[in-house]
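Q: My structure is stored as model-v5.csv, with CSV, C-alpha atoms.
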```
chain,number,residue,atom,x,y,z
A,7,MET,CA,15.4,22.2,0.3
A,8,THR,CA,12.4,24.5,0.2
A,9,LEU,CA,9.8,24.5,-2.5
A,10,SER,CA,9.1,27.7,-4.4
A,11,ARG,CA,5.8,29.3,-3.7
A,12,ASP,CA,4.6,28.4,-7.2
A,13,ARG,CA,5.5,24.7,-6.8
A,14,ARG,CA,4.0,24.5,-3.3
A,15,ASN,CA,0.8,26.1,-4.6
A,16,VAL,CA,0.6,23.7,-7.5
A,17,LEU,CA,1.1,20.7,-5.2
A,18,ILE,CA,-1.7,22.0,-2.9
A,19,LEU,CA,-4.0,22.5,-5.9
A,20,ALA,CA,-3.1,19.0,-7.2
A,21,ALA,CA,-4.0,17.5,-3.8
A,22,CYS,CA,-7.3,19.4,-3.7
A,23,GLN,CA,-8.0,18.2,-7.3
A,24,ALA,CA,-7.3,14.6,-6.1
A,25,LEU,CA,-9.7,15.0,-3.2
A,26,PHE,CA,-12.4,16.5,-5.4
A,27,THR,CA,-12.1,13.8,-8.0
A,28,THR,CA,-12.2,11.1,-5.3
A,29,ALA,CA,-15.4,12.6,-4.1
A,30,GLN,CA,-16.8,12.8,-7.6
A,31,SER,CA,-16.0,9.2,-8.3
A,32,MET,CA,-17.7,8.2,-5.1
A,33,LEU,CA,-20.8,10.2,-6.0
A,34,ILE,CA,-21.0,8.6,-9.4
A,35,ILE,CA,-20.6,5.1,-7.9
A,36,LEU,CA,-23.0,5.5,-5.0
A,37,SER,CA,-25.7,8.2,-5.8
A,38,GLY,CA,-27.7,6.0,-8.2
A,39,LEU,CA,-27.5,3.1,-5.8
A,40,VAL,CA,-28.7,5.2,-2.9
A,41,GLY,CA,-31.4,6.7,-5.0
A,42,ALA,CA,-32.6,3.2,-6.0
A,43,THR,CA,-32.6,2.3,-2.3
A,44,ILE,CA,-34.6,5.2,-0.9
A,45,ALA,CA,-36.6,6.6,-3.8
A,46,ALA,CA,-40.3,5.8,-3.7
A,47,GLU,CA,-40.4,5.8,-7.5
A,48,LYS,CA,-37.5,3.8,-8.8
A,49,ALA,CA,-37.5,5.7,-12.1
A,50,LEU,CA,-36.0,8.6,-10.2
A,51,ALA,CA,-33.1,6.6,-8.9
A,52,THR,CA,-30.4,8.5,-10.9
A,53,LEU,CA,-31.8,11.9,-10.2
A,54,PRO,CA,-29.2,12.5,-7.5
A,55,VAL,CA,-26.4,11.9,-10.0
A,56,SER,CA,-28.0,14.4,-12.3
A,57,MET,CA,-28.3,16.9,-9.5
A,58,VAL,CA,-24.5,16.8,-9.0
A,59,VAL,CA,-24.1,17.8,-12.7
A,60,VAL,CA,-26.8,20.5,-12.4
A,61,GLY,CA,-25.2,21.9,-9.3
A,62,THR,CA,-21.8,22.1,-11.0
A,63,LEU,CA,-23.4,23.9,-14.0
A,64,VAL,CA,-25.2,26.3,-11.8
A,65,ALA,CA,-22.1,27.2,-9.7
A,66,THR,CA,-19.4,27.5,-12.4
A,67,VAL,CA,-20.0,31.1,-13.4
A,68,PRO,CA,-20.9,32.5,-9.9
A,69,ALA,CA,-17.8,30.7,-8.5
A,70,SER,CA,-15.6,32.5,-11.0
A,71,LEU,CA,-17.2,35.8,-10.2
A,72,LEU,CA,-16.9,35.3,-6.5
A,73,MET,CA,-13.2,34.3,-6.8
A,74,LYS,CA,-12.6,37.4,-8.9
A,75,ARG,CA,-14.1,39.5,-6.1
A,76,VAL,CA,-12.6,37.8,-3.0
A,77,GLY,CA,-9.7,35.8,-4.3
A,78,ARG,CA,-9.0,32.2,-5.1
A,79,ARG,CA,-8.3,30.8,-1.6
A,80,PRO,CA,-11.5,32.3,0.0
A,81,GLY,CA,-13.5,31.1,-3.1
A,82,PHE,CA,-12.1,27.6,-2.9
A,83,LEU,CA,-12.7,27.5,0.9
A,84,ALA,CA,-16.3,28.5,0.2
A,85,GLY,CA,-16.7,25.7,-2.3
A,86,ALA,CA,-15.2,23.2,0.3
A,87,ALA,CA,-17.7,24.4,2.9
A,88,ILE,CA,-20.6,23.9,0.4
A,89,GLY,CA,-19.3,20.4,-0.4
A,90,LEU,CA,-19.1,19.6,3.3
A,91,GLY,CA,-22.7,20.8,3.8
A,92,GLY,CA,-23.8,18.7,0.8
A,93,ALA,CA,-22.1,15.6,2.1
A,94,LEU,CA,-23.6,16.0,5.6
A,95,THR,CA,-27.0,16.7,4.1
A,96,ALA,CA,-26.8,13.6,2.0
A,97,ALA,CA,-25.6,11.5,4.9
A,98,PHE,CA,-28.5,12.7,7.1
A,99,ALA,CA,-30.9,12.1,4.2
A,100,ILE,CA,-29.7,8.5,4.0
A,101,TYR,CA,-30.1,8.1,7.7
A,102,VAL,CA,-33.8,9.3,7.5
A,103,ALA,CA,-34.3,7.7,4.1
A,104,ASP,CA,-35.4,11.0,2.4
A,105,PHE,CA,-34.9,10.8,-1.3
A,106,TRP,CA,-35.5,14.5,-2.0
A,107,LEU,CA,-33.2,15.7,0.8
A,108,PHE,CA,-30.6,13.3,-0.6
A,109,SER,CA,-31.0,14.8,-4.0
A,110,PHE,CA,-30.6,18.3,-2.5
A,111,GLY,CA,-27.4,17.2,-0.8
A,112,CYS,CA,-26.1,15.9,-4.1
A,113,PHE,CA,-26.9,19.3,-5.7
A,114,LEU,CA,-24.9,21.0,-3.0
A,115,MET,CA,-22.0,18.7,-3.7
A,116,GLY,CA,-22.3,19.6,-7.4
A,117,LEU,CA,-22.1,23.3,-6.4
A,118,ASN,CA,-18.7,22.4,-4.8
A,119,GLY,CA,-17.7,21.1,-8.2
A,120,GLY,CA,-18.4,24.5,-9.8
A,121,PHE,CA,-15.6,25.9,-7.6
A,122,ALA,CA,-13.2,22.9,-8.0
A,123,GLN,CA,-13.3,23.3,-11.7
A,124,TYR,CA,-11.0,26.3,-11.2
A,125,PHE,CA,-8.1,24.4,-9.5
A,126,ARG,CA,-6.3,24.1,-12.9
A,127,PHE,CA,-6.8,27.7,-13.7
A,128,ALA,CA,-5.4,28.7,-10.4
A,129,ALA,CA,-2.4,26.6,-11.1
A,130,ALA,CA,-1.9,28.5,-14.4
A,131,ASP,CA,-2.3,31.8,-12.5
A,132,VAL,CA,0.4,31.1,-10.0
A,133,ALA,CA,3.0,29.4,-12.2
A,134,ALA,CA,5.8,31.2,-13.9
A,135,PRO,CA,5.5,31.1,-17.7
A,136,ALA,CA,8.0,28.3,-18.1
A,137,PHE,CA,6.2,26.2,-15.5
A,138,LYS,CA,2.6,27.0,-16.5
A,139,SER,CA,1.8,24.0,-18.7
A,140,ARG,CA,3.5,21.6,-16.3
A,141,ALA,CA,1.6,23.1,-13.4
A,142,ILE,CA,-1.8,22.5,-15.2
A,143,SER,CA,-0.7,19.0,-16.0
A,144,LEU,CA,0.3,18.3,-12.4
A,145,VAL,CA,-3.1,19.5,-11.1
A,146,LEU,CA,-5.0,17.4,-13.6
A,147,ALA,CA,-2.7,14.4,-12.7
A,148,GLY,CA,-3.9,14.8,-9.1
A,149,GLY,CA,-7.4,14.0,-10.4
A,150,VAL,CA,-6.3,11.0,-12.4
A,151,ALA,CA,-4.6,9.5,-9.3
A,152,ALA,CA,-7.9,9.8,-7.5
A,153,ALA,CA,-9.6,7.4,-10.0
A,154,VAL,CA,-8.3,4.6,-7.8
A,155,ALA,CA,-8.9,6.3,-4.5
A,156,GLY,CA,-12.7,6.8,-4.9
A,157,PRO,CA,-13.6,3.2,-5.6
A,158,GLU,CA,-11.3,2.0,-2.8
A,159,LEU,CA,-12.8,4.5,-0.3
A,160,VAL,CA,-16.3,3.3,-1.3
A,161,LYS,CA,-15.3,-0.3,-0.6
A,162,LEU,CA,-13.8,0.6,2.8
A,163,THR,CA,-16.7,2.7,4.0
A,164,VAL,CA,-20.0,1.6,2.3
A,165,ASP,CA,-21.0,-0.7,5.2
A,166,ALA,CA,-19.0,1.1,7.9
A,167,LEU,CA,-22.2,2.3,9.6
A,168,ALA,CA,-24.3,-0.8,9.1
A,169,PRO,CA,-27.1,-1.6,9.3
A,170,ILE,CA,-27.7,1.6,7.2
A,171,PRO,CA,-26.1,0.9,3.8
A,172,PHE,CA,-24.1,3.8,2.2
A,173,LEU,CA,-24.2,6.0,5.3
A,174,GLY,CA,-20.5,5.4,6.2
A,175,ALA,CA,-19.5,6.3,2.6
A,176,TYR,CA,-21.2,9.6,2.8
A,177,VAL,CA,-19.8,10.4,6.2
A,178,ALA,CA,-16.3,9.6,4.8
A,179,LEU,CA,-17.2,11.8,1.8
A,180,ALA,CA,-17.8,14.7,4.2
A,181,GLY,CA,-14.1,14.4,5.2
A,182,LEU,CA,-12.8,15.1,1.8
A,183,PRO,CA,-13.7,18.8,1.6
A,184,VAL,CA,-12.4,19.1,5.2
A,185,LEU,CA,-9.1,17.8,4.0
A,186,SER,CA,-9.2,20.0,1.0
A,187,ALA,CA,-9.8,23.0,3.2
A,188,ALA,CA,-6.8,22.0,5.4
A,189,PHE,CA,-4.6,22.1,2.3
A,190,LEU,CA,-6.2,25.3,1.0
A,191,ALA,CA,-5.3,27.0,4.3
A,192,PHE,CA,-1.6,26.9,3.0
A,193,LEU,CA,-2.4,28.2,-0.5
A,194,ASP,CA,-0.6,31.4,-1.1
A,195,ILE,CA,-1.8,33.1,-4.2
A,196,PRO,CA,-0.9,36.8,-4.4
```
Could I get this structure in the form of structure tokens?
A:
Amino acid sequence: MTLSRDRRNVLILAACQALFTTAQSMLIILSGLVGATIAAEKALATLPVSMVVVGTLVATVPASLLMKRVGRRPGFLAGAAIGLGGALTAAFAIYVADFWLFSFGCFLMGLNGGFAQYFRFAAADVAAPAFKSRAISLVLAGGVAAAVAGPELVKLTVDALAPIPFLGAYVALAGLPVLSAAFLAFLDIP
């Protein structure tokens, strides 16, 4: 049995939503802790978490405009590349204990969020009218499923590269946009 193009696209978008939400939950769990560990001024510890939100805010409209110009798949792939760059920047910042560089890496991961916000809209675009509401629900359900995956991935990786705490989690976090890009390579939106 082969999946219709609409259903395959929705499954791909749901998987990408799950990976994105896993990354977001990891960022929420870890970024304040990392900030408290490497910030010279402990009052700034949660700035990296705020930078994720600011990055998403900054990227949402430009991501839409870019995808209107180049298409959904190239736009989502650009977002994944930015997310990868952000995770690698954050991991390097943890390695060298640079709070401001870490905050910038979190900002870049927030930019990725500006692109990922459109997964559900892409599902609506590709689905036949009778499947549209279910397609959106399936993509959003992918994000709900990730609520368990993020904390579990944190537990498995937070000390993976000891003696530097949190470094392993951010290296693992870098793998999520790579997996997303692998799925997106099969996205077929006319």
Q: Atom CA of Gly61 of chain A and atom CA of Gly91 of chain A are how many Å apart?
A: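 So the two atoms, atom CA of Gly61 of chain A and atom CA of Gly91 of chain A, lie 13.4 Å apart.
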Q: Select from segment 19-65 of chain A every residue with an atom at most 7 Å from any atom of segment 94-114 of chain A, then for each give the shortest pair of atoms and their distance in Å to one decimal, using all atoms listed in the file, rows by chain and rising number, as JSON lines.
A:
```
{"residue": "A:Gly41", "atom": "CA", "partner": "A:Phe105", "partner_atom": "CA", "distance": 6.5}
{"residue": "A:Ile44", "atom": "CA", "partner": "A:Ala103", "partner_atom": "CA", "distance": 5.6}
{"residue": "A:Ala45", "atom": "CA", "partner": "A:Phe105", "partner_atom": "CA", "distance": 5.2}
{"residue": "A:Leu53", "atom": "CA", "partner": "A:Ser109", "partner_atom": "CA", "distance": 6.9}
{"residue": "A:Pro54", "atom": "CA", "partner": "A:Ser109", "partner_atom": "CA", "distance": 4.6}
{"residue": "A:Met57", "atom": "CA", "partner": "A:Phe113", "partner_atom": "CA", "distance": 4.7}
{"residue": "A:Val58", "atom": "CA", "partner": "A:Phe113", "partner_atom": "CA", "distance": 4.8}
{"residue": "A:Val60", "atom": "CA", "partner": "A:Phe113", "partner_atom": "CA", "distance": 6.8}
{"residue": "A:Gly61", "atom": "CA", "partner": "A:Phe113", "partner_atom": "CA", "distance": 4.8}
```
Q: Could you please determine the separation between atom CA of Gly120 of chain A and atom CA of Ala84 of chain A in Å, to one decimal place?
A: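 Computed distance, atom CA of Gly120 of chain A to atom CA of Ala84 of chain A, equals 11.0 Å.
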Q: Between atom CA of Leu190 of chain A and atom CA of Arg75 of chain A, measure the distance and give it in Å to one decimal.
A: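 Computing it gives 17.7 Å between the two atoms.
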Q: Determine the nearest neighbour of Tyr176 of chain A from the options A:Thr62, A:Ser37, A:Ser143, A:Asn15, counting only C-alpha atoms.
A: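 Under the stated criterion, the closest residue is A:Ser37.
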Q: Using only C-alpha atoms, which of A:Leu83, A:Ala133, A:Ile18, A:Leu90 sits nearest Gly181 of chain A?
A: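 Using only C-alpha atoms, Gly181 of chain A sits closest to A:Leu90.
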Q: Each residue of segment 87-128 of chain A lying at most 12 Å from segment 64-67 of chain A should get a row with its shortest atom-to-atom pair and the distance in Å to one decimal, counting all atoms listed in the file; could you produce that, ordered by chain and increasing number, as CSV?
A:
```
residue,atom,partner,partner_atom,distance
A:Ile88,CA,A:Ala65,CA,10.7
A:Gly89,CA,A:Ala65,CA,11.9
A:Phe113,CA,A:Val64,CA,9.4
A:Leu114,CA,A:Ala65,CA,9.5
A:Met115,CA,A:Ala65,CA,10.4
A:Gly116,CA,A:Ala65,CA,7.9
A:Leu117,CA,A:Ala65,CA,5.1
A:Asn118,CA,A:Ala65,CA,7.7
A:Gly119,CA,A:Ala65,CA,7.7
A:Gly120,CA,A:Thr66,CA,4.1
A:Phe121,CA,A:Thr66,CA,6.3
A:Ala122,CA,A:Thr66,CA,8.9
A:Gln123,CA,A:Thr66,CA,7.4
A:Tyr124,CA,A:Thr66,CA,8.6
```
Q: Using the selection just defined, write its residues with C-alpha atoms as a PDB file, in the coordinates of the input.
A:
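Below you can see out_4.pdb, which holds the result:
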```
ATOM      1  CA  ILE A  88     -20.600  23.900   0.400  1.00  0.00           C
ATOM      2  CA  GLY A  89     -19.300  20.400  -0.400  1.00  0.00           C
ATOM      3  CA  PHE A 113     -26.900  19.300  -5.700  1.00  0.00           C
ATOM      4  CA  LEU A 114     -24.900  21.000  -3.000  1.00  0.00           C
ATOM      5  CA  MET A 115     -22.000  18.700  -3.700  1.00  0.00           C
ATOM      6  CA  GLY A 116     -22.300  19.600  -7.400  1.00  0.00           C
ATOM      7  CA  LEU A 117     -22.100  23.300  -6.400  1.00  0.00           C
ATOM      8  CA  ASN A 118     -18.700  22.400  -4.800  1.00  0.00           C
ATOM      9  CA  GLY A 119     -17.700  21.100  -8.200  1.00  0.00           C
ATOM     10  CA  GLY A 120     -18.400  24.500  -9.800  1.00  0.00           C
ATOM     11  CA  PHE A 121     -15.600  25.900  -7.600  1.00  0.00           C
ATOM     12  CA  ALA A 122     -13.200  22.900  -8.000  1.00  0.00           C
ATOM     13  CA  GLN A 123     -13.300  23.300 -11.700  1.00  0.00           C
ATOM     14  CA  TYR A 124     -11.000  26.300 -11.200  1.00  0.00           C
TER      15      TYR A 124
END
```
Q: Extract, using all atoms listed in the file, all DNA, RNA and protein residues at most 9 Å from Ala87 of chain A, discarding same-chain residues fewer than 6 positions from it, and format them as a CSV table (one decimal) with C-alpha atoms, keeping the file's coordinate frame.
A:
```
chain,number,residue,atom,x,y,z
A,118,ASN,CA,-18.7,22.4,-4.8
A,183,PRO,CA,-13.7,18.8,1.6
A,184,VAL,CA,-12.4,19.1,5.2
A,187,ALA,CA,-9.8,23.0,3.2
```
Q: For segment 22-39 of chain A, where the input has fewer atoms than it should, I would like N, CA, C and O atoms rebuilt and written as a PDB file, in the coordinates of the input.
A:
```pdb
ATOM      1  N   CYS A  22      -5.838  19.023  -3.794  1.00  0.00           N
ATOM      2  CA  CYS A  22      -7.300  19.400  -3.700  1.00  0.00           C
ATOM      3  C   CYS A  22      -8.010  18.775  -4.931  1.00  0.00           C
ATOM      4  O   CYS A  22      -9.144  18.299  -4.784  1.00  0.00           O
ATOM      5  N   GLN A  23      -7.389  18.785  -6.093  1.00  0.00           N
ATOM      6  CA  GLN A  23      -8.000  18.200  -7.300  1.00  0.00           C
ATOM      7  C   GLN A  23      -8.178  16.664  -7.039  1.00  0.00           C
ATOM      8  O   GLN A  23      -9.208  16.093  -7.389  1.00  0.00           O
ATOM      9  N   ALA A  24      -7.193  16.024  -6.432  1.00  0.00           N
ATOM     10  CA  ALA A  24      -7.300  14.600  -6.100  1.00  0.00           C
ATOM     11  C   ALA A  24      -8.450  14.315  -5.173  1.00  0.00           C
ATOM     12  O   ALA A  24      -9.224  13.369  -5.370  1.00  0.00           O
ATOM     13  N   LEU A  25      -8.576  15.136  -4.144  1.00  0.00           N
ATOM     14  CA  LEU A  25      -9.700  15.000  -3.200  1.00  0.00           C
ATOM     15  C   LEU A  25     -11.026  15.192  -3.843  1.00  0.00           C
ATOM     16  O   LEU A  25     -11.981  14.439  -3.609  1.00  0.00           O
ATOM     17  N   PHE A  26     -11.100  16.229  -4.667  1.00  0.00           N
ATOM     18  CA  PHE A  26     -12.400  16.500  -5.400  1.00  0.00           C
ATOM     19  C   PHE A  26     -12.725  15.368  -6.298  1.00  0.00           C
ATOM     20  O   PHE A  26     -13.880  14.927  -6.326  1.00  0.00           O
ATOM     21  N   THR A  27     -11.777  14.869  -7.058  1.00  0.00           N
ATOM     22  CA  THR A  27     -12.100  13.800  -8.000  1.00  0.00           C
ATOM     23  C   THR A  27     -12.418  12.500  -7.267  1.00  0.00           C
ATOM     24  O   THR A  27     -13.266  11.731  -7.725  1.00  0.00           O
ATOM     25  N   THR A  28     -11.812  12.274  -6.124  1.00  0.00           N
ATOM     26  CA  THR A  28     -12.200  11.100  -5.300  1.00  0.00           C
ATOM     27  C   THR A  28     -13.653  11.243  -4.903  1.00  0.00           C
ATOM     28  O   THR A  28     -14.420  10.278  -5.013  1.00  0.00           O
ATOM     29  N   ALA A  29     -14.043  12.425  -4.462  1.00  0.00           N
ATOM     30  CA  ALA A  29     -15.400  12.600  -4.100  1.00  0.00           C
ATOM     31  C   ALA A  29     -16.372  12.448  -5.274  1.00  0.00           C
ATOM     32  O   ALA A  29     -17.432  11.811  -5.150  1.00  0.00           O
ATOM     33  N   GLN A  30     -15.990  12.960  -6.427  1.00  0.00           N
ATOM     34  CA  GLN A  30     -16.800  12.800  -7.600  1.00  0.00           C
ATOM     35  C   GLN A  30     -16.998  11.362  -8.012  1.00  0.00           C
ATOM     36  O   GLN A  30     -18.097  10.934  -8.368  1.00  0.00           O
ATOM     37  N   SER A  31     -15.915  10.595  -7.955  1.00  0.00           N
ATOM     38  CA  SER A  31     -16.000   9.200  -8.300  1.00  0.00           C
ATOM     39  C   SER A  31     -16.918   8.444  -7.316  1.00  0.00           C
ATOM     40  O   SER A  31     -17.707   7.577  -7.702  1.00  0.00           O
ATOM     41  N   MET A  32     -16.821   8.802  -6.049  1.00  0.00           N
ATOM     42  CA  MET A  32     -17.700   8.200  -5.100  1.00  0.00           C
ATOM     43  C   MET A  32     -19.161   8.538  -5.343  1.00  0.00           C
ATOM     44  O   MET A  32     -20.042   7.675  -5.246  1.00  0.00           O
ATOM     45  N   LEU A  33     -19.412   9.801  -5.701  1.00  0.00           N
ATOM     46  CA  LEU A  33     -20.800  10.200  -6.000  1.00  0.00           C
ATOM     47  C   LEU A  33     -21.329   9.445  -7.219  1.00  0.00           C
ATOM     48  O   LEU A  33     -22.490   9.016  -7.226  1.00  0.00           O
ATOM     49  N   ILE A  34     -20.502   9.272  -8.232  1.00  0.00           N
ATOM     50  CA  ILE A  34     -21.000   8.600  -9.400  1.00  0.00           C
ATOM     51  C   ILE A  34     -21.249   7.096  -9.096  1.00  0.00           C
ATOM     52  O   ILE A  34     -22.234   6.526  -9.557  1.00  0.00           O
ATOM     53  N   ILE A  35     -20.396   6.487  -8.288  1.00  0.00           N
ATOM     54  CA  ILE A  35     -20.600   5.100  -7.900  1.00  0.00           C
ATOM     55  C   ILE A  35     -21.821   4.896  -7.059  1.00  0.00           C
ATOM     56  O   ILE A  35     -22.612   3.977  -7.265  1.00  0.00           O
ATOM     57  N   LEU A  36     -22.018   5.776  -6.082  1.00  0.00           N
ATOM     58  CA  LEU A  36     -23.000   5.500  -5.000  1.00  0.00           C
ATOM     59  C   LEU A  36     -24.369   6.197  -5.207  1.00  0.00           C
ATOM     60  O   LEU A  36     -25.375   5.654  -4.758  1.00  0.00           O
ATOM     61  N   SER A  37     -24.421   7.374  -5.807  1.00  0.00           N
ATOM     62  CA  SER A  37     -25.700   8.200  -5.800  1.00  0.00           C
ATOM     63  C   SER A  37     -26.838   7.448  -6.421  1.00  0.00           C
ATOM     64  O   SER A  37     -27.959   7.496  -5.908  1.00  0.00           O
ATOM     65  N   GLY A  38     -26.611   6.784  -7.531  1.00  0.00           N
ATOM     66  CA  GLY A  38     -27.700   6.000  -8.200  1.00  0.00           C
ATOM     67  C   GLY A  38     -28.139   4.852  -7.321  1.00  0.00           C
ATOM     68  O   GLY A  38     -29.338   4.539  -7.257  1.00  0.00           O
ATOM     69  N   LEU A  39     -27.189   4.202  -6.660  1.00  0.00           N
ATOM     70  CA  LEU A  39     -27.500   3.100  -5.800  1.00  0.00           C
ATOM     71  C   LEU A  39     -28.339   3.546  -4.578  1.00  0.00           C
ATOM     72  O   LEU A  39     -29.320   2.915  -4.187  1.00  0.00           O
TER      73      LEU A  39
END
```
